[in-house]
$ cat data.csv   # CSV, C-alpha atoms
chain,number,residue,atom,x,y,z
L,964,MET,CA,3.1,50.4,20.0
L,965,LYS,CA,3.3,52.1,23.4
L,966,LYS,CA,5.3,55.4,23.5
L,967,ASN,CA,8.6,54.7,25.3
L,968,ASN,CA,10.9,57.3,26.8
L,969,ALA,CA,13.1,57.7,23.6
L,970,TYR,CA,10.0,58.5,21.5
L,971,PHE,CA,10.1,62.1,22.9
L,972,TRP,CA,13.8,62.9,22.4
L,973,PRO,CA,13.6,64.6,19.0
L,974,GLU,CA,10.5,66.5,20.2
L,975,TRP,CA,12.4,67.6,23.4
L,976,PHE,CA,15.3,68.8,21.3
L,977,TYR,CA,12.9,70.6,18.9
L,978,ASN,CA,11.1,72.3,21.9
L,979,SER,CA,14.4,73.4,23.3
L,980,LEU,CA,15.3,75.4,20.2
L,981,PRO,CA,14.6,79.1,20.0
L,982,LEU,CA,11.0,79.7,19.0
L,983,ASN,CA,11.9,81.5,15.7
L,984,GLU,CA,13.4,78.2,14.5
L,985,HIS,CA,10.3,76.1,15.0
L,986,GLU,CA,8.6,77.5,11.9
L,987,LYS,CA,11.5,76.2,9.7
L,988,ILE,CA,10.6,72.5,10.4
L,989,GLN,CA,7.3,70.8,9.7
L,990,SER,CA,5.7,69.3,12.8
L,991,LYS,CA,5.0,66.1,10.9
L,992,ILE,CA,8.7,65.5,10.5
L,993,ILE,CA,9.2,65.8,14.3
L,994,LYS,CA,6.5,63.2,14.7
L,995,GLU,CA,8.2,60.8,12.3
L,996,LEU,CA,11.5,61.3,14.0
L,997,ASN,CA,9.8,60.5,17.4
L,998,LEU,CA,8.3,57.3,16.0
L,999,ALA,CA,11.6,56.3,14.4
L,1000,ASN,CA,13.4,56.7,17.8
L,1001,SER,CA,10.7,54.6,19.4
L,1002,TYR,CA,11.2,51.8,16.9
L,1003,LEU,CA,15.0,52.0,17.4
L,1004,TRP,CA,14.6,51.9,21.2
L,1005,GLU,CA,12.5,48.8,21.1
L,1006,ALA,CA,14.9,47.1,18.7
L,1007,LEU,CA,18.0,47.9,20.7
L,1008,ASN,CA,16.5,46.6,24.0
L,1009,ILE,CA,15.6,43.3,22.3
L,1010,TYR,CA,19.1,43.0,20.8
L,1011,ASP,CA,20.7,43.8,24.1
L,1012,ASP,CA,18.9,40.8,25.7
L,1013,PHE,CA,20.6,38.6,23.1
L,1014,PHE,CA,24.0,40.1,23.8
L,1015,ASP,CA,23.5,39.4,27.5
L,1016,GLY,CA,22.6,35.8,26.7
L,1017,GLN,CA,18.9,36.2,27.8
L,1018,GLY,CA,17.2,36.9,24.4
L,1019,LYS,CA,14.2,34.9,23.3
L,1020,SER,CA,14.3,33.7,19.7
L,1021,SER,CA,10.6,34.6,19.2
L,1022,GLU,CA,11.5,38.2,19.8
L,1023,LEU,CA,14.2,38.5,17.1
L,1024,PRO,CA,11.8,39.0,14.1
L,1025,LYS,CA,10.1,41.8,16.1
L,1026,ALA,CA,13.4,43.5,16.7
L,1027,ASN,CA,14.4,43.2,13.1
L,1028,ASN,CA,11.0,44.7,12.1
L,1029,TYR,CA,11.5,47.6,14.5
L,1030,TYR,CA,15.0,48.3,13.2
L,1031,ARG,CA,13.8,48.1,9.6
L,1032,ASN,CA,11.1,50.6,10.3
L,1033,PHE,CA,13.6,52.9,11.9
L,1034,LEU,CA,15.9,52.8,8.9
L,1035,GLU,CA,13.0,53.1,6.4
L,1036,THR,CA,11.8,56.3,8.1
L,1037,TYR,CA,15.2,58.0,7.9
L,1038,TYR,CA,15.8,57.1,4.3
L,1039,ARG,CA,12.3,58.1,3.2
L,1040,LEU,CA,12.7,61.6,4.7
L,1041,ASN,CA,15.5,62.2,2.2
L,1042,PHE,CA,17.8,64.4,4.4
L,1043,ASN,CA,21.0,66.1,3.3
L,1044,PRO,CA,23.7,63.6,2.0
L,1045,ASP,CA,26.1,64.8,4.6
L,1046,PHE,CA,23.6,63.7,7.3
L,1047,TYR,CA,23.6,60.2,5.9
L,1048,LYS,CA,27.4,60.0,6.0
L,1049,LEU,CA,27.3,60.8,9.8
L,1050,PHE,CA,24.3,58.6,10.2
L,1051,ASN,CA,26.2,55.6,8.8
L,1052,LYS,CA,29.3,56.3,10.8
L,1053,ILE,CA,27.2,56.2,14.0
L,1054,ILE,CA,25.6,52.9,13.0
L,1055,ASP,CA,29.2,51.6,12.3
L,1056,LYS,CA,30.0,52.6,15.9
L,1057,LEU,CA,27.0,50.7,17.1
L,1058,ASP,CA,28.0,47.6,15.2
L,1059,ALA,CA,31.6,47.8,16.5
L,1060,ALA,CA,30.4,48.2,20.1
L,1061,ASN,CA,28.2,45.1,19.8
L,1062,ARG,CA,31.1,43.1,18.4
L,1063,GLN,CA,33.3,44.4,21.2
L,1064,GLU,CA,30.8,43.4,23.8
L,1065,ILE,CA,30.3,39.9,22.4
L,1066,LYS,CA,34.1,39.3,22.1
L,1067,ASN,CA,35.5,40.9,25.3
L,1068,ASN,CA,32.8,42.0,27.7
L,1069,HIS,CA,31.8,38.6,29.1
L,1070,PHE,CA,33.3,36.0,31.4
L,1071,LYS,CA,32.4,32.4,32.1
L,1072,ILE,CA,30.8,30.9,35.2
L,1073,GLY,CA,31.5,27.2,35.8
L,1074,ASN,CA,29.7,25.5,38.7
L,1075,GLY,CA,29.1,28.9,40.2
L,1076,ILE,CA,32.8,29.9,40.0
L,1077,VAL,CA,33.8,33.0,38.1
L,1078,ILE,CA,36.3,32.2,35.4
L,1079,LEU,CA,38.0,35.4,34.3
L,1080,PRO,CA,39.4,36.0,30.8
L,1081,LYS,CA,43.2,36.5,30.5
L,1082,LYS,CA,42.7,40.1,29.6
L,1083,LEU,CA,39.9,42.3,31.0
L,1084,PRO,CA,38.4,45.1,28.9
L,1085,SER,CA,39.3,48.8,29.6
L,1086,PHE,CA,36.7,51.4,30.5
L,1087,LYS,CA,39.2,54.2,30.8
L,1088,ASP,CA,37.2,56.3,28.3
L,1089,LEU,CA,33.7,56.4,29.7
L,1090,THR,CA,32.3,58.2,26.7
L,1091,SER,CA,32.7,55.0,24.8
L,1092,LEU,CA,29.7,53.8,26.7
L,1093,SER,CA,27.5,55.8,24.4
L,1094,LYS,CA,28.4,53.9,21.3
L,1095,LYS,CA,25.6,51.3,21.7
L,1096,SER,CA,23.0,54.0,22.0
L,1097,LEU,CA,24.4,57.0,20.2
L,1098,ILE,CA,22.2,56.3,17.1
L,1099,LEU,CA,19.3,57.5,19.3
L,1100,SER,CA,20.7,61.0,18.7
L,1101,ALA,CA,20.0,60.8,15.0
L,1102,GLY,CA,16.7,62.7,15.3
L,1103,PRO,CA,18.2,65.8,16.9
L,1104,ILE,CA,21.2,65.7,14.5
L,1105,ALA,CA,18.8,65.5,11.6
L,1106,ILE,CA,16.9,68.5,12.9
L,1107,TYR,CA,20.2,70.5,12.9
L,1108,TYR,CA,20.9,69.5,9.3
L,1109,LEU,CA,17.4,70.6,8.3
L,1110,LEU,CA,18.2,74.0,10.0
L,1111,LYS,CA,21.4,74.1,7.9
L,1112,LYS,CA,23.6,74.5,11.0
L,1113,SER,CA,27.3,74.6,10.7
L,1114,LYS,CA,29.6,71.5,11.2
L,1115,ILE,CA,30.7,73.0,14.6
L,1116,GLU,CA,27.1,73.3,15.7
L,1117,ILE,CA,26.3,69.8,14.6
L,1118,LYS,CA,29.4,68.5,16.4
L,1119,ALA,CA,28.2,70.2,19.6
L,1120,VAL,CA,24.9,68.3,19.4
L,1121,TYR,CA,26.8,65.1,18.7
L,1122,ASN,CA,29.1,65.7,21.7
L,1123,PHE,CA,26.2,66.4,24.1
L,1124,PHE,CA,24.5,63.1,23.3
L,1125,ARG,CA,27.8,61.3,23.5
L,1126,LEU,CA,28.2,62.5,27.1
L,1127,VAL,CA,24.6,62.2,28.3
L,1128,LEU,CA,24.1,58.8,26.8
L,1129,SER,CA,27.3,57.6,28.5
L,1130,ALA,CA,25.9,58.9,31.7
L,1131,ARG,CA,22.7,57.0,31.2
L,1132,GLN,CA,24.5,53.8,30.4
L,1133,LEU,CA,26.8,54.1,33.4
L,1134,ALA,CA,23.7,54.8,35.6
L,1135,ASP,CA,22.1,51.6,34.2
L,1136,ASP,CA,25.3,49.7,34.8
L,1137,ILE,CA,25.5,50.8,38.4
L,1138,PHE,CA,21.9,49.9,39.0
L,1139,ASP,CA,22.4,46.4,37.4
L,1140,TRP,CA,25.9,45.8,38.6
L,1141,LEU,CA,25.2,42.6,40.6
L,1142,ASP,CA,22.8,41.1,38.1
L,1143,ASP,CA,25.3,41.7,35.4
L,1144,LEU,CA,28.0,40.0,37.5
L,1145,LYS,CA,25.7,37.0,38.0
L,1146,ASN,CA,25.1,36.8,34.2
L,1147,GLY,CA,28.8,37.0,33.4
L,1148,SER,CA,28.7,40.6,31.9
L,1149,ILE,CA,31.6,42.9,32.4
L,1150,THR,CA,30.6,46.6,32.7
L,1151,ALA,CA,32.1,49.9,33.8
L,1152,ALA,CA,30.3,49.5,37.1
L,1153,ASN,CA,31.7,46.1,38.0
L,1154,ILE,CA,35.1,46.0,36.3
L,1155,LEU,CA,37.0,47.0,39.5
L,1156,ILE,CA,35.5,44.0,41.3
L,1157,LEU,CA,36.8,41.6,38.6
L,1158,LYS,CA,40.2,43.3,38.7
L,1159,GLU,CA,40.4,42.8,42.4
L,1160,LEU,CA,39.5,39.1,42.1
L,1161,LYS,CA,42.2,38.7,39.5
L,1162,LYS,CA,44.7,40.6,41.6
L,1163,GLN,CA,44.0,38.5,44.7
L,1164,LYS,CA,43.6,35.3,42.7
L,1165,ILE,CA,40.3,34.7,44.3
L,1166,ASN,CA,38.1,31.8,43.1
L,1167,LEU,CA,34.7,33.4,43.7
L,1168,ASN,CA,31.5,31.5,43.9
L,1169,ILE,CA,29.1,34.1,42.6
L,1170,LYS,CA,26.1,32.3,44.2
L,1171,LYS,CA,27.5,31.5,47.6
L,1172,ASP,CA,29.8,34.6,48.2
L,1173,GLU,CA,27.3,37.4,47.5
L,1174,GLY,CA,28.1,39.1,50.8
L,1175,PHE,CA,31.8,39.2,49.9
L,1176,VAL,CA,31.0,40.6,46.5
L,1177,LEU,CA,28.9,43.4,48.1
L,1178,ARG,CA,31.8,44.3,50.3
L,1179,LEU,CA,34.1,44.4,47.3
L,1180,PHE,CA,31.6,46.7,45.5
L,1181,ILE,CA,31.5,49.1,48.5
L,1182,ASP,CA,35.2,49.1,49.1
L,1183,LYS,CA,36.6,49.1,45.5
L,1184,THR,CA,33.9,50.4,43.2
L,1185,SER,CA,31.1,52.5,44.7
L,1186,GLU,CA,33.1,55.7,45.2
L,1187,LYS,CA,34.5,55.7,41.7
L,1188,ASN,CA,31.1,55.0,40.2
L,1189,TYR,CA,29.6,57.9,42.1
L,1190,LYS,CA,32.3,60.3,41.0
L,1191,ASP,CA,32.3,59.1,37.4
L,1192,LEU,CA,28.6,59.5,37.0
L,1193,LYS,CA,28.6,62.9,38.6
L,1194,ASN,CA,31.4,64.0,36.3
L,1195,LEU,CA,29.5,62.8,33.2
L,1196,CYS,CA,26.4,64.8,34.3
L,1197,GLN,CA,28.5,67.9,34.8
L,1198,LYS,CA,30.1,67.5,31.4
L,1199,SER,CA,26.6,67.0,29.8
L,1200,ARG,CA,25.5,70.3,31.3
L,1201,ALA,CA,28.6,72.0,29.9
L,1202,ALA,CA,27.9,70.4,26.5
L,1203,LEU,CA,24.3,71.6,26.6
L,1204,LYS,CA,25.6,75.1,27.1
L,1205,GLN,CA,27.8,74.7,24.0
L,1206,ILE,CA,24.7,74.0,21.9
L,1207,GLY,CA,23.2,77.2,23.3
L,1208,PHE,CA,20.3,75.6,25.2
L,1209,THR,CA,19.3,76.7,28.6
L,1210,GLN,CA,20.0,74.5,31.6
L,1211,ASN,CA,16.2,74.1,32.3
L,1212,CYS,CA,15.2,73.3,28.7
L,1213,GLN,CA,13.0,70.3,28.0
L,1214,LEU,CA,16.0,68.3,26.7
L,1215,ALA,CA,17.9,68.8,30.0
L,1216,LYS,CA,14.8,68.0,32.0
L,1217,GLY,CA,14.2,64.8,30.1
L,1218,LEU,CA,17.7,63.4,29.8
L,1219,ILE,CA,20.0,64.9,32.5
L,1220,THR,CA,17.8,65.8,35.4
L,1221,PRO,CA,16.5,62.2,36.0
L,1222,ILE,CA,20.1,61.0,36.4
L,1223,GLU,CA,21.0,63.8,38.7
L,1224,LYS,CA,17.9,63.2,40.9
L,1225,ASN,CA,18.9,59.5,41.3
L,1226,LEU,CA,22.4,60.6,42.0
L,1227,SER,CA,21.4,63.0,44.7
L,1228,LYS,CA,19.2,60.3,46.3
L,1229,ALA,CA,22.0,57.8,46.2
L,1230,ILE,CA,23.0,56.6,49.6
L,1231,TYR,CA,26.7,57.0,49.4
L,1232,ASN,CA,28.9,56.4,52.4
L,1233,LYS,CA,31.2,53.7,53.6
L,1234,ASN,CA,28.4,51.2,53.4
L,1235,HIS,CA,26.2,51.8,50.4
L,1236,LEU,CA,25.8,53.2,46.9
L,1237,ILE,CA,22.3,52.7,45.7
L,1238,LEU,CA,20.9,54.3,42.6
$ encode --input "data.csv" --output "structure tokens"
Amino acid sequence: MKKNNAYFWPEWFYNSLPLNEHEKIQSKIIKELNLANSYLWEALNIYDDFFDGQGKSSELPKANNYYRNFLETYYRLNFNPDFYKLFNKIIDKLDAANRQEIKNNHFKIGNGIVILPKKLPSFKDLTSLSKKSLILSAGPIAIYYLLKKSKIEIKAVYNFFRLVLSARQLADDIFDWLDDLKNGSITAANILILKELKKQKINLNIKKDEGFVLRLFIDKTSEKNYKDLKNLCQKSRAALKQIGFTQNCQLAKGLITPIEKNLSKAIYNKNHLIL
């Protein structure tokens, strides 16, 4: 299996620790956590395709195998029982987020016309965007349990990933906002467009009225998306400081900096927001 981006997250976290703490953890454990993260990343991406209505049935056994390997790795490593309590809580959040998405985060399209549900979902708390991917923070959290860190220190790591993974998800939603709209997916990046359609009682033909949708995005959504993403990046930086990591550590370079670079390159004015 080819190494994906998530493969390196536990290693980046480990490399961002003070050097005197490296000797307390065996390098083979870091490699296993890297591989487990890679398995999980592949599984989540395949499952996401199914939640978006684009999954291929032939891929489902592969996703299940990846997820099984991920779980097997963690339980074989025999961490502190308190770790597994938190581990299972994060998995519960993942399951709840998936149920929420299936139930509330889609709308129907009939003959090209958008058919909105009676009640649109709320994205008021943007940190909830991390629930579907927060389990990818299990490796770094496990490392802190191995180092016998306090509950406050472990909570700081959890909070960092909650923020940075929300930023990553919002960035993805902004990039895919139009494709998601065409597929009937409701996201934090396109919700204001749908609210405007509902407010104005517009029967939108998603295929024929793309120019109108683009104008709605520019007028009603782009500025908020830009500010929300910038705010999440700033909060991620502050959370990194709470862990005690430097702002140019490998974890920051791998997870925060790429989002910030895309944000700084975004063409944001009255006409465009492109990530």
$ closest_residue --input "data.csv" --among "L:Val1077, L:Ile1115, L:Leu1133, L:Ala1202" --to "Lys1171 of chain L" --atoms "all atoms listed in the file"
L:Val1077
$ residues_around --input "data.csv" --residues "Ile1169 of chain L" --least-positions-apart "5" --cutoff "7 Å" --atoms "all atoms listed in the file" --output "ChimeraX atom specification"
/L:1075-1077,1145
$ closest_atom_pairs --input "data.csv" --of "segment 999-1021 of chain L" --to "segment 972-985 of chain L" --cutoff "10 Å" --atoms "all atoms listed in the file" --output "JSON lines"
{"residue": "L:Ala999", "atom": "CA", "partner": "L:Pro973", "partner_atom": "CA", "distance": 9.7}
{"residue": "L:Asn1000", "atom": "CA", "partner": "L:Trp972", "partner_atom": "CA", "distance": 7.7}
{"residue": "L:Ser1001", "atom": "CA", "partner": "L:Trp972", "partner_atom": "CA", "distance": 9.4}
$ write_last_selection --input "data.csv" --atoms "C-alpha atoms" --output "JSON list (two decimals), keeping the file's coordinate frame"
[["chain", "number", "residue", "atom", "x", "y", "z"],
["L", 999, "ALA", "CA", 11.60, 56.30, 14.40],
["L", 1000, "ASN", "CA", 13.40, 56.70, 17.80],
["L", 1001, "SER", "CA", 10.70, 54.60, 19.40]]
$ atom_distance --input "data.csv" --atom1 "atom CA of Asn1146 of chain L" --atom2 "atom CA of Asn1008 of chain L"
16.6 Å
$ closest_residue --input "data.csv" --among "L:Phe1050, L:Tyr970, L:Trp1140, L:Phe1208" --to "Tyr1038 of chain L" --atoms "all atoms listed in the file"
L:Phe1050
$ closest_residue --input "data.csv" --among "L:Asn1051, L:Phe971, L:Asp1012, L:Gln1197" --to "Phe1123 of chain L" --atoms "only C-alpha atoms"
L:Gln1197
$ closest_atom_pairs --input "data.csv" --of "segment 1113-1191 of chain L" --to "segment 1220-1228 of chain L" --cutoff "10 Å" --atoms "all atoms listed in the file" --output "CSV"
residue,atom,partner,partner_atom,distance
L:Val1127,CA,L:Ile1222,CA,9.3
L:Ala1130,CA,L:Ile1222,CA,7.8
L:Arg1131,CA,L:Ile1222,CA,7.1
L:Ala1134,CA,L:Ile1222,CA,7.2
L:Asp1135,CA,L:Ile1222,CA,9.9
L:Tyr1189,CA,L:Leu1226,CA,7.7
L:Lys1190,CA,L:Leu1226,CA,10.0
$ closest_residue --input "data.csv" --among "L:Tyr1029, L:Ser1096, L:Pro1024, L:Asp1139" --to "Ile1054 of chain L" --atoms "all atoms listed in the file"
L:Ser1096
$ closest_residue --input "data.csv" --among "L:Ile1072, L:Leu1083, L:Lys1193, L:Ile988" --to "Asn1166 of chain L" --atoms "only C-alpha atoms"
L:Ile1072
$ atom_distance --input "data.csv" --atom1 "atom CA of Glu1173 of chain L" --atom2 "atom CA of Lys1066 of chain L"
26.4 Å
$ atom_distance --input "data.csv" --atom1 "atom CA of Asn997 of chain L" --atom2 "atom CA of Gly1102 of chain L"
7.5 Å
$ residues_near_point --input "data.csv" --point "(43.0, 41.2, 39.3)" --cutoff "12 Å" --atoms "only C-alpha atoms" --output "ChimeraX atom specification"
/L:1078-1083,1154-1166,1183
$ write_last_selection --input "data.csv" --atoms "C-alpha atoms" --output "short mmCIF file (atom, residue, chain, number, x, y, z; two decimals), keeping the file's coordinate frame"
data_model
loop_
_atom_site.label_atom_id
_atom_site.label_comp_id
_atom_site.auth_asym_id
_atom_site.auth_seq_id
_atom_site.Cartn_x
_atom_site.Cartn_y
_atom_site.Cartn_z
CA ILE L 1078 36.30 32.20 35.40
CA LEU L 1079 38.00 35.40 34.30
CA PRO L 1080 39.40 36.00 30.80
CA LYS L 1081 43.20 36.50 30.50
CA LYS L 1082 42.70 40.10 29.60
CA LEU L 1083 39.90 42.30 31.00
CA ILE L 1154 35.10 46.00 36.30
CA LEU L 1155 37.00 47.00 39.50
CA ILE L 1156 35.50 44.00 41.30
CA LEU L 1157 36.80 41.60 38.60
CA LYS L 1158 40.20 43.30 38.70
CA GLU L 1159 40.40 42.80 42.40
CA LEU L 1160 39.50 39.10 42.10
CA LYS L 1161 42.20 38.70 39.50
CA LYS L 1162 44.70 40.60 41.60
CA GLN L 1163 44.00 38.50 44.70
CA LYS L 1164 43.60 35.30 42.70
CA ILE L 1165 40.30 34.70 44.30
CA ASN L 1166 38.10 31.80 43.10
CA LYS L 1183 36.60 49.10 45.50
#
$ closest_residue --input "data.csv" --among "L:Pro1103, L:Ser1185, L:Leu1097, L:Phe1175" --to "Lys1052 of chain L" --atoms "only C-alpha atoms"
L:Leu1097
$ residues_near_point --input "data.csv" --point "(25.4, 38.0, 30.0)" --cutoff "12 Å" --atoms "all atoms listed in the file" --output "PyMOL selection string"
chain L and resi 1011-1018+1064-1072+1139-1150
$ write_last_selection --input "data.csv" --atoms "C-alpha atoms" --output "PDB file, in the frame of the given file"
ATOM      1  CA  ASP L1011      20.700  43.800  24.100  1.00  0.00           C
ATOM      2  CA  ASP L1012      18.900  40.800  25.700  1.00  0.00           C
ATOM      3  CA  PHE L1013      20.600  38.600  23.100  1.00  0.00           C
ATOM      4  CA  PHE L1014      24.000  40.100  23.800  1.00  0.00           C
ATOM      5  CA  ASP L1015      23.500  39.400  27.500  1.00  0.00           C
ATOM      6  CA  GLY L1016      22.600  35.800  26.700  1.00  0.00           C
ATOM      7  CA  GLN L1017      18.900  36.200  27.800  1.00  0.00           C
ATOM      8  CA  GLY L1018      17.200  36.900  24.400  1.00  0.00           C
ATOM      9  CA  GLU L1064      30.800  43.400  23.800  1.00  0.00           C
ATOM     10  CA  ILE L1065      30.300  39.900  22.400  1.00  0.00           C
ATOM     11  CA  LYS L1066      34.100  39.300  22.100  1.00  0.00           C
ATOM     12  CA  ASN L1067      35.500  40.900  25.300  1.00  0.00           C
ATOM     13  CA  ASN L1068      32.800  42.000  27.700  1.00  0.00           C
ATOM     14  CA  HIS L1069      31.800  38.600  29.100  1.00  0.00           C
ATOM     15  CA  PHE L1070      33.300  36.000  31.400  1.00  0.00           C
ATOM     16  CA  LYS L1071      32.400  32.400  32.100  1.00  0.00           C
ATOM     17  CA  ILE L1072      30.800  30.900  35.200  1.00  0.00           C
ATOM     18  CA  ASP L1139      22.400  46.400  37.400  1.00  0.00           C
ATOM     19  CA  TRP L1140      25.900  45.800  38.600  1.00  0.00           C
ATOM     20  CA  LEU L1141      25.200  42.600  40.600  1.00  0.00           C
ATOM     21  CA  ASP L1142      22.800  41.100  38.100  1.00  0.00           C
ATOM     22  CA  ASP L1143      25.300  41.700  35.400  1.00  0.00           C
ATOM     23  CA  LEU L1144      28.000  40.000  37.500  1.00  0.00           C
ATOM     24  CA  LYS L1145      25.700  37.000  38.000  1.00  0.00           C
ATOM     25  CA  ASN L1146      25.100  36.800  34.200  1.00  0.00           C
ATOM     26  CA  GLY L1147      28.800  37.000  33.400  1.00  0.00           C
ATOM     27  CA  SER L1148      28.700  40.600  31.900  1.00  0.00           C
ATOM     28  CA  ILE L1149      31.600  42.900  32.400  1.00  0.00           C
ATOM     29  CA  THR L1150      30.600  46.600  32.700  1.00  0.00           C
TER      30      THR L1150
END
